[in-house]
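Note sheet for the following structure.
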Amino acid sequence: MPDYNFSEPQRQSGVGLVLIFATSLYHIGRNLWVVVFYFAFKEVDQRMLFFAGAALMLVLLLSLGYSILYFLNFKFHLDEKNQEFVLQKGVFSSDVINIPFEKIQQVNFRRNILQRIIGVYSVVVETAGSQDKEVEIKALSEEKANLLAEKLMARAEEERTETSAEVEEDPEKIPATTAKAVPQWEHKVQLWTLVKLGLTSNYLRGVGIIVAFYFTLREQFMFNDELAAQLQEPQVYFSQGKYLFIIFLLLVGMLLTVGETVVKYFGLHLQKYKDTLQVEMGLRNNTKVNLKASRIQLLQVLTNPIQKKMDLFQVKISLASSENDLEKNQVKIAGLPPKVVQQVKDYFYQFEIRENFRVKPSKYLLIRRISRGLIPLVILSVFLFFYAQLVMLSWVVGIASAYVVLLCIYNFYYFRRLQLGISEEFLIRYSGVWVQKEEYLEVFRLQAVSVSQPLWYKKRGLVNLTFHSAGGDVDFPMVKMEEVQPILNCLIYKIEVTEKAWM
């Protein structure tokens, strides 16, 4: 690997000029699509075509000139004296961004289709405590991108080690070249696994879209006079072919959901190195993320009964972030077998998770959820009292009975599944009826614990708990205060006295 001197100002790769020019053309085309549409469908004379062509050439030349100036003015380097990463860009005005090493939280790689074709990577530097969460360098070679990422993360770790003073600086803890290192273990998700994952997830949404599409088409055929006139017997047509048509639409819906899953997780590859877990995935937009255990705030493991039978699990990782939209700062890894899920947990949490006991919600939670679910039936009963002649009472009674049975069954399993595991080092929340979820939160990463008690809870001594972390909150409703008071006292004490760095 070439030894790049990042102490001196560096430019992007030369082929990056193609990317900048293509991006500029894309923005111009998106803003001038009305003009293109006008010339495509409007008859114009030769004089107008000449001026339009001249204007187009001028725009292309100006765009090329702008791209060249942007490429030449885009520079970055490591300022060792001030302990900063410096990025300078701009054409008409110069914009200089200074990022202290200690503010750097993550360095990720991204690639779209064009970047794959020209062989460059986009390096994204994520920061904490700044208004702009990301700083992006869009065109670096693989070797240069890897080396820059290593140096940035090495400087960031050194700064945090010096400020925390928990451990002595150890240069051996930072690998010299992650790209060349041999991973301790790795796992690739095969295409067939993604197909199975797509077939067993998001199907309700896909089926709903297709069913709505079907009824829209059916209404169009049945009630549009012009189309109905073209069909000799539309009623007979639908009575004979509707089942095949529905099956066809359902198959199209499944293909759409499978395609979405494959595009999102294509080439999913996990590689565990000495002090980082590298995750790469994506077909249209390829993303490579290096996850350090120190940044993992909240870990979720999700599955459903069908995927569980197939040994398919999803791991959702919430990272420390200063931004308000925490959903954007999550890494989702799908299609993992139980063994790999355990390996991921062993890396993030380097000791065995042993629960001491579990807390369960009050039975009043079940009663409240069922009572709220019955509200639509009460409204329906009021409506039927005045308009009973408009509906068949037997149908309404049958549908209402089925609704009540399903409501009770669903909330019973919801209530039985909802539990809070407590250990010396962890909080584990179990929840979900169909999509079953386990959330792991280390106690030393807690930032605060909120206790809320609505007026109608006081008589029964019930409270709602919220555990706050930098990666999101974990809620647990309707527990007895006398049961959880010792737990809260212990957690608050640990929050106050812990000396571990939560990030």
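Chain labels A, B, ... are given in the sequence in which chains occur in the structure tokens; within each chain residues are numbered consecutively from 1, and ligands are likewise numbered from 1 in the order shown.
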
Region 84-86 of chain A environment, 10 Å, only C-alpha atoms, sequence neighbours closer than 6 positions dropped, as a CSV table (one decimal) with N, CA, C and O atoms, in the first residue's frame:
chain,number,residue,atom,x,y,z
A,6,PHE,N,-0.5,12.3,4.8
A,6,PHE,CA,-1.8,13.1,5.0
A,6,PHE,C,-1.5,14.3,5.8
A,6,PHE,O,-2.4,15.1,6.0
A,7,SER,N,-0.3,14.6,6.2
A,7,SER,CA,0.1,15.9,6.8
A,7,SER,C,0.1,17.0,5.8
A,7,SER,O,-0.1,18.1,6.1
A,9,PRO,N,-1.6,18.7,2.3
A,9,PRO,CA,-2.9,18.7,1.6
A,9,PRO,C,-3.1,17.7,0.5
A,9,PRO,O,-2.2,17.6,-0.4
A,75,LYS,N,-9.5,20.0,-0.9
A,75,LYS,CA,-8.3,19.4,-0.3
A,75,LYS,C,-8.6,19.0,1.2
A,75,LYS,O,-9.5,19.6,1.8
A,76,PHE,N,-7.8,18.1,1.7
A,76,PHE,CA,-7.9,17.7,3.1
A,76,PHE,C,-6.6,17.2,3.6
A,76,PHE,O,-5.7,16.8,2.8
A,77,HIS,N,-6.4,17.3,4.9
A,77,HIS,CA,-5.1,16.9,5.5
A,77,HIS,C,-5.3,16.7,7.0
A,77,HIS,O,-6.3,17.2,7.6
A,78,LEU,N,-4.4,16.1,7.6
A,78,LEU,CA,-4.4,15.9,9.1
A,78,LEU,C,-3.4,16.9,9.7
A,78,LEU,O,-2.2,17.0,9.4
A,96,VAL,N,-13.8,26.1,5.0
A,96,VAL,CA,-12.8,25.3,5.7
A,96,VAL,C,-13.5,24.6,6.9
A,96,VAL,O,-14.1,25.3,7.7
A,97,ILE,N,-13.4,23.3,7.0
A,97,ILE,CA,-14.0,22.6,8.1
A,97,ILE,C,-12.9,22.0,8.9
A,97,ILE,O,-12.0,21.3,8.4
A,98,ASN,N,-12.9,22.3,10.2
A,98,ASN,CA,-11.9,21.7,11.1
A,98,ASN,C,-12.6,20.8,12.1
A,98,ASN,O,-13.5,21.2,12.9
A,99,ILE,N,-12.2,19.6,12.2
A,99,ILE,CA,-12.8,18.6,13.0
A,99,ILE,C,-11.7,18.1,14.0
A,99,ILE,O,-10.8,17.4,13.6
A,100,PRO,N,-11.9,18.4,15.3
A,100,PRO,CA,-10.9,17.8,16.3
A,100,PRO,C,-11.0,16.3,16.2
A,100,PRO,O,-12.0,15.7,16.1
A,101,PHE,N,-9.8,15.6,16.4
A,101,PHE,CA,-9.8,14.2,16.3
A,101,PHE,C,-10.7,13.5,17.4
A,101,PHE,O,-11.3,12.5,17.1
A,102,GLU,N,-10.8,14.1,18.5
A,102,GLU,CA,-11.6,13.5,19.6
A,102,GLU,C,-13.1,13.6,19.3
A,102,GLU,O,-13.9,12.8,19.9
A,103,LYS,N,-13.5,14.4,18.3
A,103,LYS,CA,-14.9,14.5,17.9
A,103,LYS,C,-15.3,13.4,16.9
A,103,LYS,O,-16.5,13.2,16.6
A,104,ILE,N,-14.3,12.8,16.3
A,104,ILE,CA,-14.6,11.8,15.2
A,104,ILE,C,-15.1,10.5,15.9
A,104,ILE,O,-14.4,9.9,16.8
A,125,VAL,N,-17.0,10.8,7.3
A,125,VAL,CA,-16.5,11.0,8.6
A,125,VAL,C,-17.6,11.5,9.5
A,125,VAL,O,-18.2,12.6,9.2
A,152,LEU,N,-7.4,8.3,10.8
A,152,LEU,CA,-8.4,9.1,11.5
A,152,LEU,C,-8.9,8.4,12.8
A,152,LEU,O,-9.0,9.0,13.9
A,155,ARG,N,-6.1,8.4,15.4
A,155,ARG,CA,-5.9,9.6,16.1
A,155,ARG,C,-7.1,9.9,17.1
A,155,ARG,O,-6.9,10.4,18.2
A,156,ALA,N,-8.3,9.5,16.7
A,156,ALA,CA,-9.4,9.7,17.5
A,156,ALA,C,-9.3,8.8,18.8
A,156,ALA,O,-9.6,9.3,19.9

All residues 7 Å or closer to Gly16 (chain A), only C-alpha atoms, same chain fewer than 4 positions away omitted, as a ChimeraX atom specification: /A:12,20,139

Can those selected residues be exported to a file as a short mmCIF file (atom, residue, chain, number, x, y, z; two decimals), in the first residue's frame so that it contains N, CA, C and O atoms?
data_model
loop_
_atom_site.label_atom_id
_atom_site.label_comp_id
_atom_site.auth_asym_id
_atom_site.auth_seq_id
_atom_site.Cartn_x
_atom_site.Cartn_y
_atom_site.Cartn_z
N GLN A 12 -8.69 14.53 -4.11
CA GLN A 12 -9.35 13.29 -4.42
C GLN A 12 -8.68 12.62 -5.63
O GLN A 12 -7.87 13.25 -6.32
N ILE A 20 -17.64 14.16 -10.12
CA ILE A 20 -18.09 15.53 -9.85
C ILE A 20 -18.85 16.09 -11.05
O ILE A 20 -19.92 16.70 -10.91
N ALA A 139 -14.42 10.68 -3.58
CA ALA A 139 -13.68 9.95 -4.61
C ALA A 139 -12.25 9.69 -4.17
O ALA A 139 -11.34 10.49 -4.44
#

Surrounding residues of Val443 (chain A) excluding itself and chain neighbours under 2 positions, 8 Å, only C-alpha atoms, as a list in words: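 Listing them by chain and then by number gives Glu424, Glu425, Phe426, Leu427, Leu441, Arg445, Leu446, Leu491, Lys494 and Ile495 of chain A.
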
Selection: 12 Å around Val258 (chain A), only C-alpha atoms, excl. self and same-chain fewer than 3 positions, as a PyMOL selection string: chain A and resi 191-203+206+251-255+261-266

Shortest interatomic distance to Lys459 (chain A) - which of A:Arg111, A:Phe357, A:Lys480, A:Ile117, counting only C-alpha atoms: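 Closest candidate: A:Lys480.
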
Sel. of helix (DSSP H, G or I) residues, region 274-431 of chain A, as a PyMOL selection string: chain A and resi 293-295+305-309+326-329+338-348+363-373+375-390+393-417

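DSSP secondary structure from the backbone places Phe357, Arg358, Val359, Gln419, Leu420, Gly421, Ile422, Phe426, Leu427, Ile428, Arg429, Tyr430, Ser431, Gln436, Lys437, Glu438, Glu439, Tyr440, Leu441, Glu442 and Ala448 of chain A of region 347-448 of chain A in strand (DSSP E).
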